[in-house]
$ cat entry_33.pdb   # PDB, C-alpha atoms, pLDDT in the B column
ATOM      1  CA  MET A   1      -3.259  61.957  74.151  1.00 87.00           C
ATOM      2  CA  LYS A   2      -5.884  59.889  75.977  1.00 90.00           C
ATOM      3  CA  LYS A   3      -8.543  60.891  73.440  1.00 93.00           C
ATOM      4  CA  ILE A   4      -6.398  59.789  70.523  1.00 94.00           C
ATOM      5  CA  LYS A   5      -5.660  56.444  72.178  1.00 94.00           C
ATOM      6  CA  ALA A   6      -9.359  55.934  72.973  1.00 95.00           C
ATOM      7  CA  PHE A   7     -10.266  56.824  69.394  1.00 96.00           C
ATOM      8  CA  PHE A   8      -7.963  54.180  67.926  1.00 96.00           C
ATOM      9  CA  LYS A   9      -9.171  51.599  70.447  1.00 94.00           C
ATOM     10  CA  GLY A  10     -12.725  52.323  69.287  1.00 95.00           C
ATOM     11  CA  VAL A  11     -11.710  52.055  65.636  1.00 95.00           C
ATOM     12  CA  ASN A  12     -10.038  48.708  66.320  1.00 94.00           C
ATOM     13  CA  LYS A  13     -13.117  47.444  68.192  1.00 94.00           C
ATOM     14  CA  GLU A  14     -15.471  48.517  65.379  1.00 93.00           C
ATOM     15  CA  SER A  15     -13.288  46.961  62.666  1.00 91.00           C
ATOM     16  CA  LYS A  16     -13.488  43.616  64.478  1.00 91.00           C
ATOM     17  CA  ALA A  17     -17.293  43.883  64.572  1.00 92.00           C
ATOM     18  CA  VAL A  18     -17.516  44.250  60.786  1.00 91.00           C
ATOM     19  CA  ARG A  19     -18.590  41.111  58.925  1.00 90.00           C
ATOM     20  CA  TRP A  20     -16.093  40.893  56.066  1.00 88.00           C
ATOM     21  CA  PRO A  21     -17.134  38.931  52.937  1.00 91.00           C
ATOM     22  CA  ASP A  22     -15.273  35.784  52.003  1.00 95.00           C
ATOM     23  CA  GLY A  23     -13.438  35.435  48.680  1.00 95.00           C
ATOM     24  CA  LYS A  24     -16.316  33.817  46.799  1.00 96.00           C
ATOM     25  CA  LEU A  25     -18.778  36.524  47.810  1.00 96.00           C
ATOM     26  CA  LEU A  26     -16.251  39.244  47.017  1.00 96.00           C
ATOM     27  CA  VAL A  27     -15.800  37.902  43.472  1.00 97.00           C
ATOM     28  CA  LYS A  28     -19.585  37.677  43.045  1.00 97.00           C
ATOM     29  CA  TYR A  29     -20.140  41.277  44.144  1.00 97.00           C
ATOM     30  CA  SER A  30     -17.228  42.494  42.022  1.00 97.00           C
ATOM     31  CA  CYS A  31     -18.624  40.792  38.908  1.00 98.00           C
ATOM     32  CA  ILE A  32     -22.086  42.254  39.528  1.00 98.00           C
ATOM     33  CA  THR A  33     -20.558  45.706  39.952  1.00 98.00           C
ATOM     34  CA  ILE A  34     -18.570  45.442  36.708  1.00 98.00           C
ATOM     35  CA  VAL A  35     -21.596  44.171  34.769  1.00 98.00           C
ATOM     36  CA  MET A  36     -23.757  47.022  36.081  1.00 98.00           C
ATOM     37  CA  LEU A  37     -21.054  49.594  35.228  1.00 98.00           C
ATOM     38  CA  VAL A  38     -20.840  48.295  31.663  1.00 98.00           C
ATOM     39  CA  PHE A  39     -24.626  48.169  31.331  1.00 98.00           C
ATOM     40  CA  PHE A  40     -25.187  51.722  32.557  1.00 98.00           C
ATOM     41  CA  GLY A  41     -22.204  52.987  30.572  1.00 98.00           C
ATOM     42  CA  LEU A  42     -23.672  51.573  27.368  1.00 98.00           C
ATOM     43  CA  PHE A  43     -27.153  52.783  28.323  1.00 98.00           C
ATOM     44  CA  PHE A  44     -26.052  56.380  28.830  1.00 98.00           C
ATOM     45  CA  TYR A  45     -23.826  56.242  25.759  1.00 98.00           C
ATOM     46  CA  GLY A  46     -26.871  55.139  23.755  1.00 98.00           C
ATOM     47  CA  LEU A  47     -28.983  57.948  25.186  1.00 98.00           C
ATOM     48  CA  ASP A  48     -26.260  60.462  24.373  1.00 98.00           C
ATOM     49  CA  ALA A  49     -25.960  59.149  20.812  1.00 98.00           C
ATOM     50  CA  LEU A  50     -29.738  59.262  20.408  1.00 97.00           C
ATOM     51  CA  PHE A  51     -29.979  62.845  21.636  1.00 97.00           C
ATOM     52  CA  ALA A  52     -27.037  63.857  19.433  1.00 97.00           C
ATOM     53  CA  ALA A  53     -28.773  62.303  16.409  1.00 96.00           C
ATOM     54  CA  ILE A  54     -32.025  64.068  17.241  1.00 96.00           C
ATOM     55  CA  ARG A  55     -30.211  67.360  17.715  1.00 95.00           C
ATOM     56  CA  GLY A  56     -28.438  66.868  14.379  1.00 92.00           C
ATOM     57  CA  MET A  57     -31.777  66.633  12.610  1.00 90.00           C
ATOM     58  CA  PHE A  58     -32.749  70.180  13.558  1.00 83.00           C
TER      59      PHE A  58
END
$ encode --input "entry_33.pdb" --output "C-alpha cells"
Amino acid sequence: MKKIKAFFKGVNKESKAVRWPDGKLLVKYSCITIVMLVFFGLFFYGLDALFAAIRGMF
C-alpha cells in the first residue's frame, strides 16, 4: 500500500511541475494542428488521386 501511495504522491508532484499553456496559446496550437491536418489530408488525397490516375492509364 505504501508503494501505491508514494506513486500517487509522485504523480501529483510531477503534474504540478508541468507548465500548462494558457487559453490563448492553447487556441493557437489547436488552430495550427487543425490546419496541418487539413493540409496533409489534402496532400495525401492528391497523391492518392494522382497514383490512381496513373494506374488507370495502364
$ atom_distance --input "entry_33.pdb" --atom1 "CA of Ile32 (chain A)" --atom2 "CA of Glu14 (chain A)"
27.4 Å
$ atom_distance --input "entry_33.pdb" --atom1 "CA of Gly41 (chain A)" --atom2 "CA of Leu25 (chain A)"
24.1 Å
$ atom_distance --input "entry_33.pdb" --atom1 "CA of Ser15 (chain A)" --atom2 "CA of Ile34 (chain A)"
26.5 Å
